[in-house]
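Shown next: run.txt, given as compact mmCIF, C-alpha atoms.
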```txt
# COMPACT_ATOMS: atom_id res chain seq x y z
CA MET A 1 -3.70 27.41 -51.46
CA GLY A 2 -2.86 27.27 -47.73
CA ARG A 3 0.74 28.32 -48.42
CA LEU A 4 -0.46 31.29 -50.50
CA LYS A 5 -2.72 32.39 -47.64
CA LYS A 6 0.18 32.23 -45.18
CA VAL A 7 2.36 34.33 -47.51
CA THR A 8 -0.45 36.90 -47.86
CA VAL A 9 -0.91 37.14 -44.07
CA LEU A 10 2.86 37.49 -43.56
CA SER A 11 3.04 40.14 -46.27
CA ASN A 12 0.20 42.13 -44.67
CA LEU A 13 1.83 41.83 -41.25
CA CYS A 14 5.15 43.15 -42.58
CA ARG A 15 3.34 46.04 -44.26
CA TYR A 16 1.50 46.99 -41.06
CA LEU A 17 4.69 46.75 -39.01
CA SER A 18 6.53 48.92 -41.52
CA LEU A 19 3.72 51.50 -41.40
CA PHE A 20 3.74 51.43 -37.59
CA PHE A 21 7.49 52.06 -37.33
CA LYS A 22 7.31 54.83 -39.92
CA LYS A 23 4.60 56.58 -37.89
CA LEU A 24 6.57 56.06 -34.68
CA LEU A 25 9.70 57.51 -36.27
CA SER A 26 7.67 60.40 -37.61
CA PHE A 27 6.24 61.07 -34.13
CA VAL A 28 9.68 61.06 -32.47
CA THR A 29 11.13 63.31 -35.18
CA MET A 30 8.21 65.72 -34.92
CA ARG A 31 8.48 65.80 -31.13
CA ARG A 32 12.17 66.69 -31.31
CA LEU A 33 11.51 69.31 -33.96
CA LEU A 34 8.77 70.94 -31.85
CA THR A 35 11.05 70.91 -28.80
CA ARG A 36 13.81 72.60 -30.81
CA VAL A 37 11.43 75.25 -32.08
CA LEU A 38 10.12 75.84 -28.55
CA ASN A 39 13.69 76.21 -27.27
CA ARG A 40 14.41 78.91 -29.84
CA VAL A 41 11.15 80.77 -29.29
CA LEU A 42 11.68 80.90 -25.54
CA LEU A 43 15.28 82.04 -26.03
CA ALA A 44 14.26 84.95 -28.25
CA ASP A 45 14.08 87.22 -25.20
CA LEU A 46 17.48 86.71 -23.58
CA TYR A 47 18.18 88.66 -20.45
CA THR A 48 21.22 90.96 -20.35
CA PRO A 49 23.13 91.51 -17.09
CA ALA A 50 21.60 94.24 -14.92
CA MET A 51 23.12 96.61 -12.42
CA GLY A 52 22.67 95.95 -8.71
CA ILE A 53 22.86 92.73 -6.73
CA ASP A 54 22.87 90.45 -9.78
CA ALA A 55 25.71 92.47 -11.32
CA GLU A 56 28.04 91.76 -8.39
CA ILE A 57 28.93 88.33 -9.76
CA HIS A 58 30.28 90.00 -12.95
CA THR A 59 32.96 91.98 -11.13
CA GLN A 60 35.88 89.57 -10.72
CA GLY A 61 36.98 85.98 -10.24
CA ARG A 62 35.87 82.76 -11.84
CA ARG A 63 32.14 82.08 -12.14
CA ARG A 64 30.43 78.68 -12.22
CA LEU A 65 26.83 77.63 -12.82
CA VAL A 66 25.55 74.37 -11.31
CA VAL A 67 22.22 73.16 -12.68
CA GLY A 68 19.97 70.44 -11.28
CA LEU A 69 18.02 69.17 -14.30
CA GLY A 70 14.49 67.95 -13.67
CA ASN A 71 10.77 68.62 -13.89
CA PRO A 72 9.24 71.34 -11.67
CA GLY A 73 6.84 69.92 -9.09
CA MET A 74 8.34 66.44 -9.49
CA GLU A 75 11.46 66.87 -7.37
CA GLY A 76 11.04 63.50 -5.64
CA THR A 77 11.15 61.41 -8.83
CA ARG A 78 14.12 59.55 -10.31
CA HIS A 79 14.17 61.86 -13.34
CA SER A 80 14.61 64.89 -11.08
CA ILE A 81 17.42 63.51 -8.92
CA GLY A 82 19.58 66.37 -10.25
CA MET A 83 17.36 68.78 -8.31
CA ALA A 84 17.72 66.65 -5.17
CA VAL A 85 21.51 66.79 -5.49
CA LEU A 86 21.37 70.57 -5.93
CA GLY A 87 19.20 70.87 -2.82
CA ALA A 88 21.76 68.81 -0.87
CA LEU A 89 24.55 71.07 -2.19
CA ALA A 90 22.68 74.20 -1.06
CA THR A 91 22.24 72.64 2.40
CA ARG A 92 25.96 71.78 2.63
CA LEU A 93 26.84 75.37 1.69
CA GLY A 94 24.42 76.69 4.33
CA VAL A 95 22.31 78.60 1.80
CA ALA A 96 19.24 76.32 1.51
CA ASP A 97 16.98 79.15 2.69
CA ARG A 98 18.14 81.52 -0.05
CA TRP A 99 16.32 80.08 -3.07
CA ARG A 100 14.49 82.83 -4.98
CA GLY A 101 12.43 82.76 -8.13
CA ASP A 102 13.88 84.64 -11.10
CA LYS A 103 11.52 85.20 -14.04
CA HIS A 104 14.44 86.34 -16.21
CA VAL A 105 15.95 82.85 -16.15
CA SER A 106 12.72 80.84 -15.78
CA GLY A 107 14.01 79.21 -12.61
CA GLU A 108 15.06 79.44 -8.99
CA VAL A 109 18.57 80.59 -8.13
CA ILE A 110 21.03 80.97 -5.28
CA VAL A 111 24.24 82.99 -5.65
CA SER A 112 27.00 81.70 -3.35
CA GLU A 113 30.76 81.23 -3.20
CA VAL A 114 33.06 78.20 -3.01
CA GLN A 115 36.75 78.91 -2.35
CA HIS A 116 36.76 82.33 -4.05
CA THR A 117 34.70 81.04 -6.98
CA HIS A 118 31.30 82.67 -7.51
CA VAL A 119 28.74 79.88 -7.85
CA VAL A 120 25.17 80.18 -9.14
CA LEU A 121 22.85 77.28 -8.30
CA LEU A 122 19.93 76.91 -10.72
CA ARG A 123 16.72 74.87 -10.57
CA PRO A 124 14.87 75.35 -13.89
CA ARG A 125 11.12 75.91 -13.63
CA LEU A 126 10.54 74.59 -17.14
CA LEU A 127 9.88 71.00 -18.22
CA MET A 128 12.92 68.75 -18.59
CA ASN A 129 12.79 68.81 -22.41
CA ILE A 130 13.29 72.61 -22.42
CA ASN A 131 15.53 72.96 -19.32
CA GLY A 132 18.19 74.32 -21.68
CA VAL A 133 16.24 77.56 -22.10
CA SER A 134 16.60 78.30 -18.39
CA VAL A 135 20.29 77.32 -18.44
CA ALA A 136 21.12 79.54 -21.43
CA LYS A 137 19.26 82.49 -19.89
CA ALA A 138 21.11 82.09 -16.59
CA ALA A 139 24.46 81.79 -18.39
CA GLY A 140 23.70 85.01 -20.27
CA LYS A 141 22.53 86.87 -17.20
CA TYR A 142 25.51 85.96 -15.03
CA GLY A 143 28.13 85.97 -17.80
CA ILE A 144 29.09 82.30 -17.42
CA LYS A 145 30.80 80.37 -20.22
CA PRO A 146 29.46 76.92 -21.28
CA GLU A 147 32.62 75.16 -20.05
CA ASP A 148 31.91 76.58 -16.58
CA ILE A 149 28.37 75.14 -16.46
CA LEU A 150 28.01 71.88 -14.52
CA LEU A 151 24.89 69.87 -15.33
CA VAL A 152 23.58 67.38 -12.75
CA HIS A 153 21.19 64.77 -14.14
CA ASP A 154 19.87 61.23 -13.86
CA GLU A 155 21.52 58.42 -15.80
CA LEU A 156 19.58 55.31 -16.83
CA ASP A 157 22.67 53.37 -17.88
CA LYS A 158 24.19 53.47 -14.41
CA PRO A 159 22.64 51.69 -11.39
CA LEU A 160 21.61 53.67 -8.34
CA GLY A 161 24.77 54.07 -6.26
CA LYS A 162 27.00 54.92 -9.23
CA ILE A 163 27.93 58.53 -9.95
CA ALA A 164 30.35 59.88 -12.51
CA ILE A 165 31.74 63.12 -13.89
CA LYS A 166 31.65 63.30 -17.67
CA GLN A 167 33.64 66.00 -19.44
CA GLY A 168 31.22 67.11 -22.14
CA GLY A 169 30.10 65.09 -25.14
CA SER A 170 26.77 63.98 -26.57
CA ALA A 171 23.47 63.96 -24.67
CA ARG A 172 23.29 60.13 -24.81
CA GLY A 173 19.53 60.31 -25.23
CA HIS A 174 18.90 62.53 -22.19
CA ASN A 175 16.34 65.16 -23.25
CA GLY A 176 17.36 67.70 -20.63
CA VAL A 177 21.00 67.57 -21.68
CA ARG A 178 20.00 67.67 -25.34
CA SER A 179 18.03 70.87 -24.68
CA CYS A 180 21.10 72.41 -22.99
CA VAL A 181 23.34 71.46 -25.94
CA GLU A 182 20.88 72.98 -28.42
CA CYS A 183 20.34 76.20 -26.46
CA LEU A 184 24.02 76.78 -25.65
CA GLN A 185 25.08 75.57 -29.12
CA THR A 186 27.93 73.50 -27.70
CA ASP A 187 28.46 70.21 -25.84
CA VAL A 188 31.46 71.21 -23.68
CA MET A 189 29.47 71.38 -20.41
CA PRO A 190 30.75 68.87 -17.81
CA ARG A 191 28.06 66.69 -16.21
CA LEU A 192 27.57 64.85 -12.98
CA ARG A 193 25.69 61.72 -14.02
CA VAL A 194 23.76 60.15 -11.16
CA GLY A 195 22.70 56.56 -11.75
CA ILE A 196 19.06 55.59 -11.35
CA GLY A 197 19.23 52.25 -13.19
CA ARG A 198 16.89 50.82 -15.79
CA PRO A 199 13.45 49.41 -14.94
CA ALA A 200 13.18 45.75 -14.08
CA GLY A 201 11.24 43.36 -16.27
CA LYS A 202 8.82 44.86 -18.78
CA ALA A 203 8.16 48.10 -16.92
CA SER A 204 8.26 51.14 -19.19
CA VAL A 205 11.22 53.52 -19.02
CA GLU A 206 8.89 56.52 -18.84
CA ARG A 207 6.99 55.19 -15.82
CA HIS A 208 10.30 54.27 -14.17
CA VAL A 209 11.99 57.68 -14.51
CA LEU A 210 8.87 59.60 -13.53
CA GLY A 211 8.25 57.37 -10.52
CA GLN A 212 9.31 57.79 -6.89
CA PHE A 213 12.24 55.86 -5.43
CA SER A 214 11.32 52.58 -3.73
CA SER A 215 11.91 52.01 -0.02
CA GLU A 216 14.98 49.89 -0.82
CA GLU A 217 16.37 52.60 -3.11
CA ARG A 218 15.90 55.24 -0.42
CA LYS A 219 18.36 53.33 1.80
CA VAL A 220 21.06 54.14 -0.76
CA LEU A 221 19.77 57.57 -1.83
CA ASP A 222 21.11 59.54 1.15
CA SER A 223 24.60 58.19 0.53
CA VAL A 224 24.27 59.01 -3.16
CA LEU A 225 23.42 62.63 -2.33
CA VAL A 226 26.37 62.95 0.07
CA GLN A 227 28.84 61.51 -2.44
CA SER A 228 27.39 63.62 -5.27
CA VAL A 229 27.85 66.82 -3.25
CA ASP A 230 31.42 65.78 -2.36
CA LEU A 231 32.19 65.32 -6.06
CA LEU A 232 30.55 68.63 -6.99
CA LEU A 233 32.53 70.52 -4.37
CA SER A 234 35.78 68.96 -5.58
CA GLN A 235 34.93 70.14 -9.10
CA LEU A 236 34.02 73.63 -7.95
CA SER A 237 37.23 73.90 -5.91
CA GLN A 238 39.47 73.07 -8.87
CA GLN A 239 41.44 76.00 -10.23
CA GLU A 240 41.44 76.73 -13.95
CA SER A 241 44.56 75.32 -15.54
CA PRO A 242 46.31 76.74 -18.64
CA GLU A 243 46.57 73.20 -20.01
CA ASP A 244 42.81 72.71 -19.65
CA PRO A 245 41.53 71.54 -23.09
CA HIS A 246 38.31 73.46 -22.41
CA SER A 247 40.17 76.71 -21.71
CA PRO A 248 38.87 79.61 -23.84
CA SER A 249 42.50 80.38 -24.80
CA LEU A 250 42.45 77.38 -27.13
CA PRO A 251 41.23 77.83 -30.73
CA ALA A 252 37.76 76.51 -31.51
CA GLY A 253 39.13 73.32 -33.05
CA GLY A 254 41.46 72.71 -30.12
CA ARG A 255 38.75 71.14 -28.03
CA HIS A 256 38.34 68.26 -30.46
CA ALA A 257 42.09 67.80 -30.92
CA ALA A 258 42.86 67.76 -27.21
CA GLN A 259 39.65 66.17 -26.02
CA LYS A 260 39.65 62.63 -24.68
CA ARG A 261 36.39 62.32 -22.81
CA THR A 262 36.95 60.76 -19.40
CA GLU A 263 34.67 59.74 -16.59
CA ARG A 264 35.49 59.58 -12.91
CA GLU A 265 33.07 57.13 -11.41
CA ARG A 266 32.21 56.37 -7.82
CA SER A 267 30.21 53.57 -6.27
CA VAL A 268 28.04 54.32 -3.27
CA SER A 269 27.39 51.61 -0.69
CA PRO A 270 24.26 51.30 1.47
CA PRO A 271 24.35 53.23 4.77
CA GLU A 272 25.52 50.25 6.83
CA ASP A 273 28.65 49.98 4.71
CA SER A 274 30.13 53.44 4.91
CA ALA A 275 33.10 52.83 2.64
CA ALA A 276 32.63 54.13 -0.89
CA ALA A 277 34.57 52.26 -3.50
CA GLN A 278 36.13 54.19 -6.34
CA SER A 279 36.61 52.54 -9.67
```

Show me this structure written as structure tokens.
Amino acid sequence: MGRLKKVTVLSNLCRYLSLFFKKLLSFVTMRRLLTRVLNRVLLADLYTPAMGIDAEIHTQGRRRLVVGLGNPGMEGTRHSIGMAVLGALATRLGVADRWRGDKHVSGEVIVSEVQHTHVVLLRPRLLMNINGVSVAKAAGKYGIKPEDILLVHDELDKPLGKIAIKQGGSARGHNGVRSCVECLQTDVMPRLRVGIGRPAGKASVERHVLGQFSSEERKVLDSVLVQSVDLLLSQLSQQESPEDPHSPSLPAGGRHAAQKRTERERSVSPPEDSAAAQS
């Protein structure tokens, strides 16, 4: 009789667990579906290039879009480190006072130039999960191809102090990148992945990414921003090569045939150790 009772309890427990995971899966699926629908609704009114100041970037030369992914009003959090990097880039270029709101792209923009390349800096003013709407609108407005869009975002799977360039590929669970892939309908965008590390112990991932950097982390953060800007500028200074697998001259299937995703990763040391190791 006691064994039968144990079997019944175990059976009920398994049933409740199964029901719980089904509901959880249903919630995640529904959340992604709603985000996708919201992306499409917000993209229904795409902006076309206008005449005037904004049209100047369409005249000649290569154009690049650099996007700092994040949540508006939460620029100091780990999840919005992409915005911090973009702010540091604007400061290095001497244009930090030129941010202006643009309702047509649902964000703040600066139009600048790096070695004869027109560069648009974009800080989306939409939530992270729908950042892609702002990116797609800006790409349409300024006539910038997906392969010339550089996304800057936080990376849980790298510790703070590690940064890497990734040449396209899947979103790897990052909602902001996923939104960009869905809205641009391609995954060719290169990314600067800035490590923030995973939470210690049993702390939740959500609380970790939405939290502020600790005092110890801030000792490394300044160096991370400097190295991130250095890496961005090296990317923006590169000339387009005919052998580039992302070149628009290749057929659509050429990207997959030629594509071997690579990452260039850098380690950033604390301020007292100024040497940055490259691995």

Using only C-alpha atoms, find the one residue out of A:Leu221, A:Val119, A:Leu210, A:Leu232 that sits nearest to Tyr142 (chain A).
A:Val119

Would you compute the distance between CA of Leu122 (chain A) and CA of Gly211 (chain A)? Give it in Å to one decimal.
22.8 Å

Sel. within 8 Å of pt (22.2, 80.0, -15.7), counting all atoms listed in the file, output as an MDAnalysis selection string:
chainID A and resid 65:67 105 120:122 134:142 144 149

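A straight line drawn from CA of Val85 (chain A) to CA of Gly197 (chain A) is 16.6 Å long.
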
Mind checking which residues fall within 12 Å of Cys180 (chain A), counting all atoms listed in the file, ignoring those fewer than 4 positions away in the same chain, and posting them as a count of residues only?
42

Please measure the separation of CA of Gly73 (chain A) and CA of Arg98 (chain A), giving the value in Å to one decimal.
18.5 Å

If you count all atoms listed in the file, the residue of A:Ile81, A:Leu127, A:Leu236, A:Ile110 closest to Arg193 (chain A) turns out to be A:Ile81

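The residue that comes closest to Gly94 (chain A), out of A:Ser214, A:His79, A:Val114, A:Lys145 and on the basis of all atoms listed in the file, is A:Val114.
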
Of the candidates A:Ala200, A:Leu192, A:Leu233, A:Leu156, which one gets nearest to Glu113 (chain A) if we count all atoms listed in the file?
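Ranked by minimum distance to Glu113 (chain A), first place goes to A:Leu233.
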